[in-house]
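Student: Once you've had a glance at the structure underneath, I'll fire off some questions.
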Amino acid sequence: MTYCVGLRLDRGIVFASDTRTNAGFDNIATFSKMHVWERKGDRVLVLLSAGNLAITQAVISLIDEAVDAQATSGETSLMDTATMFQAARLIGDAIRAAFEIEKEAVAANPDLFRSSFIFGGQIAGEDPRLFQVYSEGNFIETSQDTPFFQIGEHKYGKPILDRVAAPAMRMGEAAKLVLLSFDSTLRSNLSVGMPIDLLIYRRDTLEIGEQRRIEENDPYFRKLSAGWSEALRDAFARIDEYDGADILTTPDFDWIAGKRRDAS
């Protein structure tokens, strides 16, 4: 499995993905699930992938082939769409084409070929945008109320994003938040593993700002993880303890019977 996050902010977008591909407890490999297309001054496009590796790699290959062939074929590719919406539609087309190529295998084992994608970035002339693209090729876009998308093993890293994520965050704050979401996931799910690929895109720069791979011994990530654990323990200790005696002796309610006591 995998875990990928895209967080859209007023100042730009933060992308992150793990690199573990698990085909069994004794067969663990590392593959990048972050794919980037950049033409400085014109566009930065980022695609995160989760799910069946054969499908996701086929999608990337189809997109790259279309980009390479555009000069001679004349067909629109990811690098010459006018808008991010049009680019997201091309991602959807590539997904459907990949499933068509593998249609016999998919028909025999449909659950084995599930895949999902996060696609985002900016094209000159419009704002940064972020989409989640499904196996069927359709997609949805982030909003002010929902500024992030997750794919893969998302449940462990979702609570902190739900509580903290906000479009007005600074980019450094957002990167910290995304990495804390990964830390929670890594602690609770062995199918997600380091290294983590992190990309920070700042609005209107139209070039990659920072892209790096965070290894297991990365000093900042280790400090972040230890600090978060300590902060949680401290917060837990500060909250009043549960006192069941007070609840069970509430005068007007019988908690054992589960009903209000007779006023008489």
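Chains: A, B, ... in order of the structure tokens. Residues: from 1 per chain. Ligands: from 1, in order shown.
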Near Val44 (chain A), counting only C-alpha atoms, which residues have an atom at most 6 Å away, once you skip same-chain residues fewer than 4 positions from it, shown as a list in words?

Tutor: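 The residues satisfying every condition are Trp37, Glu38, Gly121, Gln122, Leu206 and Glu207 of chain A.
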
Student: Name all residues at most 8 Å from region 196-205 of chain A (count only C-alpha atoms; drop same-chain ones fewer than 6 positions away) and give them as a VMD selection string.

Tutor: chain A and resid 10 to 19 32 34 41 121 to 122 124 127 to 128 171 175 211 to 215

Student: How about saving the chosen residues, C-alpha atoms kept, as a compact mmCIF listing (two decimals), in the first residue's frame?

Tutor:
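Wrote it out as result.txt, contents follow:
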```
# COMPACT_ATOMS: atom_id res chain seq x y z
CA ASP A 10 -3.53 30.28 -0.48
CA ARG A 11 0.27 30.35 -0.87
CA GLY A 12 0.66 27.18 -2.95
CA ILE A 13 0.50 23.39 -2.65
CA VAL A 14 2.37 20.82 -0.57
CA PHE A 15 2.65 17.28 -1.95
CA ALA A 16 4.01 14.20 -0.16
CA SER A 17 4.09 10.46 -0.82
CA ASP A 18 5.72 7.42 0.68
CA THR A 19 7.79 5.05 -1.46
CA SER A 32 8.60 6.80 -6.29
CA MET A 34 5.47 11.30 -7.15
CA GLY A 41 7.56 30.11 -16.37
CA GLY A 121 -0.04 22.36 -9.76
CA GLN A 122 -0.38 25.59 -11.68
CA ALA A 124 0.27 30.31 -16.15
CA ASP A 127 -4.61 29.82 -9.80
CA PRO A 128 -2.99 26.67 -8.39
CA MET A 171 4.06 26.81 3.61
CA ALA A 175 4.89 20.95 5.37
CA GLN A 211 11.66 18.81 -3.79
CA ARG A 212 13.45 16.37 -1.53
CA ARG A 213 13.45 12.80 -0.25
CA ILE A 214 13.22 12.41 3.52
CA GLU A 215 15.06 9.32 4.72
```

Student: Write out as a tab-separated table (two decimals) with C-alpha atoms, in the first residue's frame each polymer residue whose atoms come within 6 Å of region 153-169 of chain A, counting only C-alpha atoms; drop sequence neighbours fewer than 6 positions from it.

Tutor:
```tsv
chain	number	residue	atom	x	y	z
A	2	THR	CA	0.93	3.63	0.10
A	3	TYR	CA	0.00	7.00	1.51
A	9	LEU	CA	-3.10	26.60	0.39
A	10	ASP	CA	-3.53	30.28	-0.48
A	181	SER	CA	0.25	13.13	9.21
A	184	SER	CA	0.98	9.04	12.56
A	185	THR	CA	0.50	6.75	9.56
```

Student: For region 98-104 of chain A, find every residue with an atom within 7 Å (counting only C-alpha atoms), except residues of its own chain fewer than 4 positions away, and show them as a list in words.

Tutor: Ile55, Ala58, Val59, Ala94 and Ala108 of chain A

Student: Keeping only N, CA and C atoms, write those residues as a PDB file, in the first residue's frame.

Tutor:
```
ATOM      1  N   ILE A  55      -0.987  -0.642 -13.078  1.00  0.00           N
ATOM      2  CA  ILE A  55      -1.868   0.392 -13.620  1.00  0.00           C
ATOM      3  C   ILE A  55      -1.231   1.771 -13.478  1.00  0.00           C
ATOM      4  N   ALA A  58       1.584   2.264 -15.859  1.00  0.00           N
ATOM      5  CA  ALA A  58       1.073   2.381 -17.230  1.00  0.00           C
ATOM      6  C   ALA A  58       0.518   3.779 -17.484  1.00  0.00           C
ATOM      7  N   VAL A  59      -0.158   4.337 -16.499  1.00  0.00           N
ATOM      8  CA  VAL A  59      -0.695   5.698 -16.633  1.00  0.00           C
ATOM      9  C   VAL A  59       0.433   6.692 -16.851  1.00  0.00           C
ATOM     10  N   ALA A  94      -5.884   8.929 -19.559  1.00  0.00           N
ATOM     11  CA  ALA A  94      -4.770   7.979 -19.462  1.00  0.00           C
ATOM     12  C   ALA A  94      -5.129   6.815 -18.537  1.00  0.00           C
ATOM     13  N   ALA A 108     -10.985 -10.251 -14.644  1.00  0.00           N
ATOM     14  CA  ALA A 108     -10.823 -11.463 -13.846  1.00  0.00           C
ATOM     15  C   ALA A 108     -10.626 -11.154 -12.359  1.00  0.00           C
TER      16      ALA A 108
END
```

Student: In region 84-180 of chain A, what's strand (DSSP E or B) per DSSP? Answer as a tab-separated table (two decimals) with N, CA and C atoms, in the first residue's frame?

Tutor:
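Done, and the output landed in out-v2.tsv:
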```tsv
chain	number	residue	atom	x	y	z
A	115	SER	N	-6.91	1.85	-8.27
A	115	SER	CA	-5.87	2.87	-8.22
A	115	SER	C	-6.52	4.23	-8.03
A	116	SER	N	-5.76	5.17	-7.52
A	116	SER	CA	-6.25	6.52	-7.35
A	116	SER	C	-5.07	7.49	-7.45
A	117	PHE	N	-5.38	8.74	-7.72
A	117	PHE	CA	-4.34	9.73	-8.01
A	117	PHE	C	-4.71	11.08	-7.39
A	118	ILE	N	-3.68	11.83	-7.02
A	118	ILE	CA	-3.81	13.24	-6.68
A	118	ILE	C	-3.03	14.02	-7.72
A	119	PHE	N	-3.68	14.98	-8.33
A	119	PHE	CA	-3.06	15.76	-9.41
A	119	PHE	C	-3.21	17.24	-9.11
A	120	GLY	N	-2.10	17.97	-9.18
A	120	GLY	CA	-2.18	19.40	-8.88
A	120	GLY	C	-1.02	20.17	-9.45
A	121	GLY	N	-1.09	21.48	-9.27
A	121	GLY	CA	-0.04	22.36	-9.76
A	121	GLY	C	-0.62	23.67	-10.24
A	122	GLN	N	0.08	24.31	-11.15
A	122	GLN	CA	-0.38	25.59	-11.68
A	122	GLN	C	0.07	25.75	-13.11
A	123	ILE	N	-0.83	26.29	-13.92
A	123	ILE	CA	-0.54	26.69	-15.29
A	123	ILE	C	-0.66	28.20	-15.36
A	129	ARG	N	-4.30	24.62	-8.56
A	129	ARG	CA	-5.49	23.79	-8.37
A	129	ARG	C	-5.06	22.38	-8.00
A	130	LEU	N	-5.96	21.67	-7.31
A	130	LEU	CA	-5.65	20.32	-6.83
A	130	LEU	C	-6.86	19.43	-7.02
A	131	PHE	N	-6.64	18.23	-7.58
A	131	PHE	CA	-7.72	17.30	-7.91
A	131	PHE	C	-7.41	15.92	-7.34
A	132	GLN	N	-8.47	15.17	-7.05
A	132	GLN	CA	-8.36	13.74	-6.81
A	132	GLN	C	-9.01	13.03	-7.97
A	133	VAL	N	-8.24	12.11	-8.59
A	133	VAL	CA	-8.71	11.41	-9.79
A	133	VAL	C	-8.89	9.94	-9.44
A	139	PHE	N	-13.03	12.97	-11.60
A	139	PHE	CA	-12.25	13.64	-10.57
A	139	PHE	C	-13.05	14.71	-9.86
A	140	ILE	N	-12.54	15.12	-8.69
A	140	ILE	CA	-13.11	16.22	-7.92
A	140	ILE	C	-11.98	17.18	-7.58
A	141	GLU	N	-12.35	18.41	-7.18
A	141	GLU	CA	-11.37	19.45	-6.88
A	141	GLU	C	-11.51	19.91	-5.43
A	148	PHE	N	-7.54	19.59	1.26
A	148	PHE	CA	-6.56	18.53	1.06
A	148	PHE	C	-7.23	17.27	0.53
A	149	PHE	N	-6.41	16.44	-0.12
A	149	PHE	CA	-6.82	15.10	-0.54
A	149	PHE	C	-5.79	14.11	-0.03
A	150	GLN	N	-6.26	12.89	0.27
A	150	GLN	CA	-5.40	11.78	0.65
A	150	GLN	C	-5.79	10.56	-0.18
A	151	ILE	N	-4.82	9.74	-0.50
A	151	ILE	CA	-5.09	8.47	-1.16
A	151	ILE	C	-4.24	7.40	-0.49
A	152	GLY	N	-4.65	6.15	-0.64
A	152	GLY	CA	-3.95	5.05	0.00
A	152	GLY	C	-4.40	4.87	1.44
```

Student: Please extract the residues of region 16-148 of chain A with a backbone DSSP assignment of helix (DSSP H, G or I) and present them as a PyMOL selection string.

Tutor: chain A and resi 53-73+84-101+103-108+110-113

Student: Go ahead and compute the interatomic distance for CA of Glu216 (chain A) and CA of Met194 (chain A), in Å to one decimal.

Tutor: 6.0 Å

Student: Using only C-alpha atoms, which residue out of A:Gly227, A:Gly92, A:Gly74, A:Pro147 lies closest to Tyr134 (chain A)?

Tutor: A:Gly92

Student: Expressed in Å to a single decimal, how great is the separation between CA of Glu230 (chain A) and CA of Gly172 (chain A)?

Tutor: 20.7 Å

Student: What does the distance from CA of Thr81 (chain A) to CA of Ile63 (chain A) come to in Å, to one decimal?

Tutor: 12.7 Å

Student: Given the choices A:Glu173, A:Glu241, A:Glu210, A:Asp218, which gets closest to Pro195 (chain A) if the distance is worked out from only C-alpha atoms?

Tutor: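 Counting only C-alpha atoms, the residue closest to Pro195 (chain A) is A:Asp218.
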